[in-house]
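A.B. asks: Data: run29.cif, mmCIF, C-alpha atoms and all ligand atoms.
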```
data_upload
loop_
_atom_site.label_atom_id
_atom_site.label_comp_id
_atom_site.auth_asym_id
_atom_site.auth_seq_id
_atom_site.Cartn_x
_atom_site.Cartn_y
_atom_site.Cartn_z
CA MET A 1 113.28 72.82 2.77
CA ARG A 2 112.81 71.29 -0.69
CA THR A 3 115.56 72.08 -3.16
CA LEU A 4 114.45 73.89 -6.33
CA ILE A 5 116.39 73.38 -9.55
CA ALA A 6 115.13 75.87 -12.13
CA GLY A 7 116.17 76.25 -15.75
CA ASN A 8 115.96 79.56 -17.60
CA TRP A 9 116.00 78.96 -21.33
CA LYS A 10 116.23 82.73 -22.00
CA MET A 11 115.76 83.53 -25.73
CA ASN A 12 116.58 79.99 -26.78
CA GLY A 13 114.38 77.15 -27.81
CA SER A 14 112.17 76.03 -30.62
CA ARG A 15 109.45 73.40 -30.69
CA ALA A 16 112.18 70.82 -31.24
CA MET A 17 113.49 71.57 -27.76
CA LEU A 18 110.32 70.22 -26.19
CA ALA A 19 111.97 66.82 -26.66
CA GLU A 20 114.53 67.95 -24.06
CA LEU A 21 111.65 68.85 -21.75
CA ASP A 22 110.22 65.35 -22.20
CA ARG A 23 113.52 63.89 -20.99
CA ILE A 24 113.80 66.39 -18.13
CA ALA A 25 110.23 65.56 -17.04
CA GLU A 26 110.95 61.85 -17.17
CA ALA A 27 114.02 62.26 -14.97
CA ALA A 28 112.22 64.65 -12.60
CA SER A 29 109.60 62.00 -11.90
CA ALA A 30 112.38 59.84 -10.43
CA TYR A 31 113.56 62.59 -8.05
CA SER A 32 110.38 63.58 -6.30
CA ASP A 33 112.26 65.19 -3.37
CA VAL A 34 113.48 67.97 -5.68
CA ASP A 35 111.28 70.64 -7.25
CA VAL A 36 112.21 71.13 -10.89
CA ALA A 37 111.23 74.13 -13.02
CA ILE A 38 111.81 75.33 -16.58
CA ALA A 39 111.14 78.82 -17.96
CA PRO A 40 110.93 78.48 -21.76
CA PRO A 41 110.38 81.48 -24.03
CA PHE A 42 106.78 82.76 -23.93
CA THR A 43 106.07 81.28 -27.35
CA LEU A 44 106.58 77.75 -26.07
CA LEU A 45 104.74 78.04 -22.77
CA GLY A 46 101.38 76.66 -23.87
CA GLU A 47 102.95 73.87 -25.87
CA ALA A 48 105.40 73.03 -23.10
CA GLN A 49 102.70 72.28 -20.54
CA PRO A 50 101.73 68.79 -21.81
CA HIS A 51 105.43 67.85 -21.92
CA ALA A 52 106.18 69.00 -18.40
CA GLY A 53 104.87 66.26 -16.11
CA ARG A 54 105.78 67.37 -12.58
CA VAL A 55 108.22 70.00 -13.85
CA TRP A 56 106.93 73.51 -13.12
CA ILE A 57 106.62 75.68 -16.21
CA GLY A 58 107.02 79.43 -15.86
CA GLY A 59 107.69 82.76 -17.53
CA GLN A 60 110.89 84.77 -17.73
CA ASP A 61 109.19 88.12 -17.15
CA CYS A 62 105.74 89.68 -16.80
CA HIS A 63 104.22 93.15 -16.90
CA ARG A 64 103.25 94.95 -13.70
CA ALA A 65 99.71 95.55 -14.98
CA ALA A 66 96.99 92.93 -15.33
CA GLN A 67 96.03 94.06 -18.86
CA GLY A 68 95.95 97.14 -21.06
CA ALA A 69 97.78 99.07 -23.75
CA HIS A 70 101.29 97.66 -23.32
CA THR A 71 102.36 96.48 -26.76
CA GLY A 72 104.59 93.45 -26.72
CA CYS A 73 104.11 92.66 -23.04
CA ILE A 74 102.66 89.66 -21.21
CA SER A 75 100.71 89.81 -17.94
CA ALA A 76 101.01 87.41 -15.01
CA GLY A 77 97.42 86.29 -15.59
CA MET A 78 98.28 85.35 -19.18
CA LEU A 79 101.12 83.20 -17.86
CA VAL A 80 98.74 81.50 -15.45
CA GLU A 81 96.37 80.74 -18.33
CA MET A 82 99.24 78.99 -20.13
CA GLY A 83 99.84 76.77 -17.10
CA ALA A 84 102.69 78.75 -15.53
CA ARG A 85 103.44 78.20 -11.86
CA PHE A 86 106.14 80.87 -11.49
CA VAL A 87 107.77 83.84 -13.18
CA ILE A 88 111.33 85.17 -13.02
CA CYS A 89 111.36 88.88 -12.07
CA GLY A 90 114.30 91.25 -12.39
CA HIS A 91 116.83 88.98 -14.03
CA SER A 92 120.12 90.86 -14.40
CA GLU A 93 119.72 90.70 -18.19
CA ARG A 94 116.45 92.61 -17.87
CA ARG A 95 117.97 95.05 -15.40
CA ALA A 96 120.91 95.68 -17.78
CA GLU A 97 119.22 95.48 -21.21
CA PHE A 98 115.88 97.07 -20.35
CA GLY A 99 116.79 99.30 -17.42
CA GLU A 100 114.51 97.51 -14.97
CA THR A 101 114.69 99.10 -11.53
CA ASP A 102 114.00 97.71 -8.07
CA PRO A 103 110.57 99.41 -7.76
CA LEU A 104 109.50 98.07 -11.17
CA ILE A 105 110.72 94.58 -10.29
CA ARG A 106 108.83 94.71 -6.99
CA ALA A 107 105.66 95.76 -8.86
CA LYS A 108 106.09 92.87 -11.31
CA ALA A 109 106.62 90.42 -8.44
CA GLU A 110 103.50 91.78 -6.71
CA ALA A 111 101.50 91.34 -9.92
CA ALA A 112 102.83 87.79 -10.23
CA GLN A 113 101.91 86.92 -6.65
CA ALA A 114 98.46 88.50 -7.02
CA ALA A 115 97.85 86.25 -10.02
CA GLY A 116 98.84 83.18 -7.98
CA LEU A 117 102.37 82.75 -9.30
CA ILE A 118 105.61 82.22 -7.41
CA ALA A 119 107.87 85.22 -8.08
CA ILE A 120 111.53 84.29 -8.47
CA VAL A 121 113.15 87.65 -7.72
CA CYS A 122 116.73 87.98 -8.98
CA ILE A 123 119.36 90.11 -7.27
CA GLY A 124 123.12 90.29 -7.73
CA GLU A 125 126.09 92.58 -8.12
CA ASP A 126 128.04 93.28 -11.31
CA GLU A 127 131.77 92.82 -11.66
CA HIS A 128 132.61 96.45 -10.95
CA GLU A 129 130.57 96.39 -7.73
CA ARG A 130 132.25 93.13 -6.65
CA ASP A 131 135.72 94.57 -7.37
CA GLU A 132 134.91 97.66 -5.32
CA GLY A 133 133.99 95.46 -2.35
CA ARG A 134 130.33 96.53 -2.53
CA ALA A 135 128.70 93.17 -3.35
CA VAL A 136 127.00 92.68 0.03
CA GLU A 137 125.73 96.26 0.11
CA VAL A 138 124.41 96.14 -3.47
CA VAL A 139 122.63 92.82 -3.03
CA ALA A 140 121.09 93.94 0.29
CA CYS A 141 119.82 97.11 -1.33
CA GLU A 142 118.31 95.21 -4.29
CA LEU A 143 116.63 92.82 -1.89
CA ASP A 144 115.12 95.69 0.10
CA GLY A 145 113.93 97.38 -3.09
CA SER A 146 112.60 94.51 -5.15
CA VAL A 147 111.04 91.96 -2.77
CA PRO A 148 107.31 92.57 -2.13
CA PRO A 149 106.67 93.20 1.57
CA ALA A 150 103.68 90.83 1.68
CA SER A 151 105.60 87.82 0.34
CA THR A 152 105.40 84.34 1.83
CA PRO A 153 107.54 81.20 1.45
CA GLU A 154 104.82 79.92 -0.86
CA ASN A 155 104.95 82.82 -3.34
CA LEU A 156 108.54 84.09 -3.18
CA VAL A 157 111.90 82.63 -4.18
CA VAL A 158 115.00 84.83 -4.13
CA SER A 159 117.78 84.11 -6.59
CA TYR A 160 121.30 85.46 -6.05
CA GLU A 161 122.89 85.80 -9.47
CA PRO A 162 126.13 87.77 -9.66
CA ALA A 163 126.02 89.24 -13.18
CA TRP A 164 129.74 88.53 -13.73
CA ALA A 165 129.15 84.80 -13.20
CA ILE A 166 126.34 84.50 -15.75
CA GLY A 167 127.40 82.65 -18.88
CA THR A 168 131.08 83.21 -18.11
CA GLY A 169 132.11 79.91 -16.52
CA ARG A 170 133.30 81.88 -13.48
CA ILE A 171 131.68 81.32 -10.11
CA PRO A 172 132.17 82.97 -6.71
CA THR A 173 134.13 81.09 -4.08
CA PHE A 174 132.33 78.98 -1.49
CA ASP A 175 132.98 81.74 1.07
CA GLN A 176 131.61 84.47 -1.22
CA ILE A 177 128.42 82.48 -1.84
CA CYS A 178 128.08 81.77 1.90
CA GLU A 179 128.57 85.43 2.74
CA ILE A 180 125.84 86.65 0.39
CA HIS A 181 123.37 83.85 1.09
CA SER A 182 123.76 84.27 4.87
CA MET A 183 123.13 87.99 4.52
CA ILE A 184 120.03 87.32 2.37
CA ARG A 185 118.72 84.83 4.94
CA ALA A 186 119.26 87.30 7.79
CA LYS A 187 117.42 90.01 5.89
CA LEU A 188 114.53 87.70 5.00
CA ILE A 189 114.16 86.85 8.70
CA GLN A 190 114.27 90.56 9.54
CA LEU A 191 111.53 91.23 6.95
CA PHE A 192 109.31 88.19 7.40
CA GLY A 193 110.14 86.73 10.82
CA GLU A 194 109.90 82.93 11.07
CA ALA A 195 108.60 82.73 7.48
CA GLY A 196 111.93 84.17 6.33
CA VAL A 197 113.60 80.93 7.34
CA ARG A 198 111.46 79.05 4.82
CA ILE A 199 111.88 81.28 1.75
CA ARG A 200 114.09 79.53 -0.77
CA ILE A 201 117.29 81.24 -1.89
CA LEU A 202 118.75 80.02 -5.18
CA TYR A 203 122.21 80.60 -6.58
CA GLY A 204 122.57 81.31 -10.33
CA GLY A 205 125.59 81.86 -12.59
CA SER A 206 127.54 79.19 -14.49
CA VAL A 207 126.07 76.28 -12.53
CA ASN A 208 126.83 72.93 -14.16
CA ALA A 209 127.08 69.27 -13.20
CA GLY A 210 130.73 69.78 -12.27
CA ASN A 211 130.20 72.51 -9.67
CA ALA A 212 126.59 71.91 -8.52
CA ALA A 213 127.45 69.67 -5.58
CA SER A 214 129.79 72.20 -3.98
CA ILE A 215 127.42 75.14 -4.64
CA LEU A 216 124.38 73.30 -3.25
CA ALA A 217 126.42 72.39 -0.15
CA CYS A 218 126.77 76.06 0.84
CA PRO A 219 124.56 77.01 3.81
CA HIS A 220 121.36 78.82 2.77
CA VAL A 221 121.66 77.68 -0.85
CA ASN A 222 118.29 76.04 -1.45
CA GLY A 223 118.62 75.40 -5.16
CA ALA A 224 119.92 76.84 -8.40
CA LEU A 225 118.76 78.93 -11.35
CA ILE A 226 120.49 77.60 -14.43
CA GLY A 227 120.87 79.12 -17.89
CA GLY A 228 123.16 77.38 -20.38
CA ALA A 229 123.17 74.01 -18.65
CA SER A 230 119.36 73.86 -18.67
CA LEU A 231 119.13 73.77 -22.46
CA THR A 232 119.73 70.05 -22.79
CA ALA A 233 118.56 67.17 -20.65
CA ASP A 234 122.09 65.73 -20.82
CA GLN A 235 123.44 68.71 -18.88
CA PHE A 236 120.40 69.51 -16.72
CA VAL A 237 119.33 66.11 -15.44
CA PRO A 238 122.66 65.36 -13.68
CA ILE A 239 122.22 68.60 -11.72
CA VAL A 240 118.75 67.46 -10.59
CA GLU A 241 120.30 64.14 -9.60
CA ILE A 242 123.03 65.91 -7.58
CA ALA A 243 120.37 68.06 -5.86
CA ALA A 244 118.46 64.89 -4.93
CA ASN A 245 121.59 63.47 -3.31
CA VAL A 246 122.43 66.71 -1.49
CA SER A 247 118.90 67.07 -0.11
CA GLN A 248 118.89 63.54 1.36
P1 LIG B 1 124.17 80.57 -16.86
O1 LIG B 1 123.83 79.31 -16.08
O2 LIG B 1 124.17 80.34 -18.34
O3 LIG B 1 125.39 81.23 -16.34
O4 LIG B 1 122.96 81.59 -16.61
C1 LIG B 1 122.50 81.79 -15.33
C2 LIG B 1 121.27 82.57 -15.40
O5 LIG B 1 121.25 83.70 -15.84
C3 LIG B 1 120.03 81.92 -14.94
O6 LIG B 1 118.97 82.81 -14.88
#
```
Here is the file; what I need is its structure written in the form of structure tokens.

C.D. replies:
Amino acid sequence: MRTLIAGNWKMNGSRAMLAELDRIAEAASAYSDVDVAIAPPFTLLGEAQPHAGRVWIGGQDCHRAAQGAHTGCISAGMLVEMGARFVICGHSERRAEFGETDPLIRAKAEAAQAAGLIAIVCIGEDEHERDEGRAVEVVACELDGSVPPASTPENLVVSYEPAWAIGTGRIPTFDQICEIHSMIRAKLIQLFGEAGVRIRILYGGSVNAGNAASILACPHVNGALIGGASLTADQFVPIVEIAANVSQ
């Protein structure tokens, strides 16, 4: 399975940051065994496309509807028109800040897939749930609730992102990552049969060049979704390089 290294710029980035994308695209062309993706803010999507080379450009969210009276929202089709190849659905920041629920996230992912996008569906426990020993249960439940039942390896990526590891510099242990990713793989096989083996599962939360090799070595970790360390080519490109070495 090809490793996917995806950057989520969140609400960061101005036109000046497209220079970072130029450098990321240049490096990505040297590592053709790795899929590389960047989700800039919506405002940069159209402008980012000519800078992207073989880097996939995508959105950080989309609406569940194709069009209509939804002030401030963006549809999956609009993302496609801007050259997007994927969209992140149900990031923990959207679940926490905007109250996004599993059924809503599933509807967004279905809208994304219907428009021809890859839906990167995010699931993950918060710190309280981890401390209570409920991480596996919570992640399994989010997976059941937010992954569209008609997904395929071509239009679905699952990203395990424990909320307590996002932007904190703290990461789960190797065993904790293995436990969750193995459970996700087993459930994907249960849901999708043989195709479930081929659906990529990313890890996200404080990934950097220092810890990427050990994270990507965990079984059923097929890539990473990266926030802070995707904002500069200096931090992001070494992770792509590590992924290229791991996937050899
Ligand atoms: P950090 O890499 O900054 O922890 O963010 C991870 C994330 O939320 C990616 O979507």

A.B. asks: Determine the axis-aligned bounding box of all atoms of ligand LIG 1 (chain B) present in the file, pad each side by 8 Å, and express its centre and edge lengths in Å to one decimal place as JSON.

C.D. replies:
```
{"center_x": 122.2, "center_y": 81.5, "center_z": -16.6, "size_x": 22.4, "size_y": 20.4, "size_z": 19.5}
```

A.B. asks: May I have a table of the residues of chain A lying at most 9 Å from ligand LIG 1 (chain B), giving each one's closest pair of atoms and their distance in Å to one decimal, counting all atoms listed in the file, ordered by chain and ascending residue number, as a tab-separated table?

C.D. replies:
```
residue	atom	partner	partner_atom	distance
A:Ala6	CA	B:LIG1	C3	8.3
A:Gly7	CA	B:LIG1	C3	6.9
A:Asn8	CA	B:LIG1	O6	5.2
A:Trp9	CA	B:LIG1	O6	8.1
A:Lys10	CA	B:LIG1	O6	7.6
A:Gln60	CA	B:LIG1	O6	8.8
A:Ile88	CA	B:LIG1	O6	8.2
A:His91	CA	B:LIG1	O6	6.6
A:Ser92	CA	B:LIG1	O5	7.4
A:Glu93	CA	B:LIG1	O5	7.5
A:Cys122	CA	B:LIG1	O6	8.2
A:Ser159	CA	B:LIG1	O6	8.5
A:Glu161	CA	B:LIG1	O5	6.9
A:Pro162	CA	B:LIG1	O5	8.9
A:Ala163	CA	B:LIG1	O5	7.8
A:Trp164	CA	B:LIG1	O3	8.9
A:Ala165	CA	B:LIG1	O3	6.1
A:Ile166	CA	B:LIG1	O3	3.5
A:Gly167	CA	B:LIG1	O3	3.5
A:Thr168	CA	B:LIG1	O3	6.3
A:Gly169	CA	B:LIG1	O3	6.9
A:Arg170	CA	B:LIG1	O3	8.4
A:Ile171	CA	B:LIG1	O3	8.9
A:Tyr203	CA	B:LIG1	C3	8.7
A:Gly204	CA	B:LIG1	C1	5.0
A:Gly205	CA	B:LIG1	O3	3.8
A:Ser206	CA	B:LIG1	O3	3.5
A:Val207	CA	B:LIG1	O1	5.2
A:Asn208	CA	B:LIG1	O1	7.3
A:Ala224	CA	B:LIG1	C3	8.3
A:Leu225	CA	B:LIG1	C3	4.8
A:Ile226	CA	B:LIG1	O1	4.1
A:Gly227	CA	B:LIG1	O1	3.5
A:Gly228	CA	B:LIG1	O2	3.7
A:Ala229	CA	B:LIG1	O1	5.9
A:Ser230	CA	B:LIG1	O1	7.5
```

A.B. asks: Pull the neighbourhood of (131.5, 72.8, -4.1) for me: all residues within 12 Å in file coordinates, counting all atoms listed in the file, as a list in words.

C.D. replies: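 Taken together, the residues in range are Ile171, Pro172, Thr173, Phe174, Asp175, Ile177, Cys178, Val207, Asn208, Ala209, Gly210, Asn211, Ala212, Ala213, Ser214, Ile215, Leu216, Ala217, Cys218, Pro219, Val221, Ile242 and Val246 of chain A.
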
A.B. asks: Take the point (112.3, 75.0, 5.6) as written in the file and pick out every residue within 10 Å of it, counting all atoms listed in the file; give the list as a list in words.

C.D. replies: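 All residues meeting the 10 Å criterion around (112.3, 75.0, 5.6) are Met1, Arg2, Thr3, Pro153, Glu194, Ala195, Gly196, Val197, Arg198, Ile199, Arg200 and Asn222 of chain A.
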
A.B. asks: Looking at A:Gln176, A:Ser32, A:Ser75, A:Thr43, which one is nearest to A:Gly13, with distances taken over all atoms listed in the file?

C.D. replies: A:Thr43

A.B. asks: Atom CA of A:Ala66 and atom CA of A:Ala111 are how many Å apart?

C.D. replies: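 Answer for the atom CA of A:Ala66 to atom CA of A:Ala111 separation: 7.2 Å.
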
A.B. asks: For A:Gly223, which residue out of A:Leu117, A:Met17, A:Ala84, A:Val36 is the nearest one, using only C-alpha atoms?

C.D. replies: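 Closest residue, counting only C-alpha atoms: A:Val36.
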
A.B. asks: If I take atom CA of A:Asp102 and atom CA of A:Leu44, how far is one from the other in Å, to one decimal?

C.D. replies: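 Those two atoms sit 27.9 Å apart.
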
A.B. asks: Enter the distance from atom CA of A:Ala107 to atom CA of A:Ala48, in Å, rounded to one decimal.

C.D. replies: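 Between atom CA of A:Ala107 and atom CA of A:Ala48 the gap works out to 26.8 Å.
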
A.B. asks: Determine, counting all atoms listed in the file, which protein, DNA and RNA residues have an atom within 9 Å of an atom of A:Lys108; residues of the same chain fewer than 4 positions away are not included. Present the result as number ranges by chain.

C.D. replies: A: 61-65, 76, 89-90, 103-104, 112-113, 119

A.B. asks: Which one is closest to A:Gly58: A:Ile118, A:Ile5, A:Ala109, A:Ile180? Count only C-alpha atoms.

C.D. replies: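 Checking each of A:Ile118, A:Ile5, A:Ala109, A:Ile180 against A:Gly58, counting only C-alpha atoms, the winner is A:Ile118.
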
A.B. asks: Can you tell me, as a list in words, what residues are no more than 9 Å from A:Asp234 when counting only C-alpha atoms, ignoring any on the same chain fewer than 6 positions away?

C.D. replies: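 My list of contacting residues is Glu20, Arg23 and Ile24 of chain A.
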
A.B. asks: Limited to C-alpha atoms, could you put the picked residues into a file as a PDB file, keeping the file's coordinate frame?

C.D. replies:
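Contents of the output file part_31.pdb:
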```
ATOM      1  CA  GLU A  20     114.530  67.950 -24.060  1.00  0.00           C
ATOM      2  CA  ARG A  23     113.520  63.890 -20.990  1.00  0.00           C
ATOM      3  CA  ILE A  24     113.800  66.390 -18.130  1.00  0.00           C
TER       4      ILE A  24
END
```

A.B. asks: Show which residues sit within 9 Å of A:Ala135, as a PyMOL selection string. Count all atoms listed in the file, and ignore same-chain residues fewer than 2 positions away.

C.D. replies: chain A and resi 124-127+129-133+137-140+162+180

A.B. asks: Compare A:Leu231, A:Val80, A:Ala96, A:Ile38 by their minimum atom-to-atom distance to A:Ala114, counting all atoms listed in the file, and give me the closest one.

C.D. replies: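 Smallest separation from A:Ala114 among the options: A:Val80.
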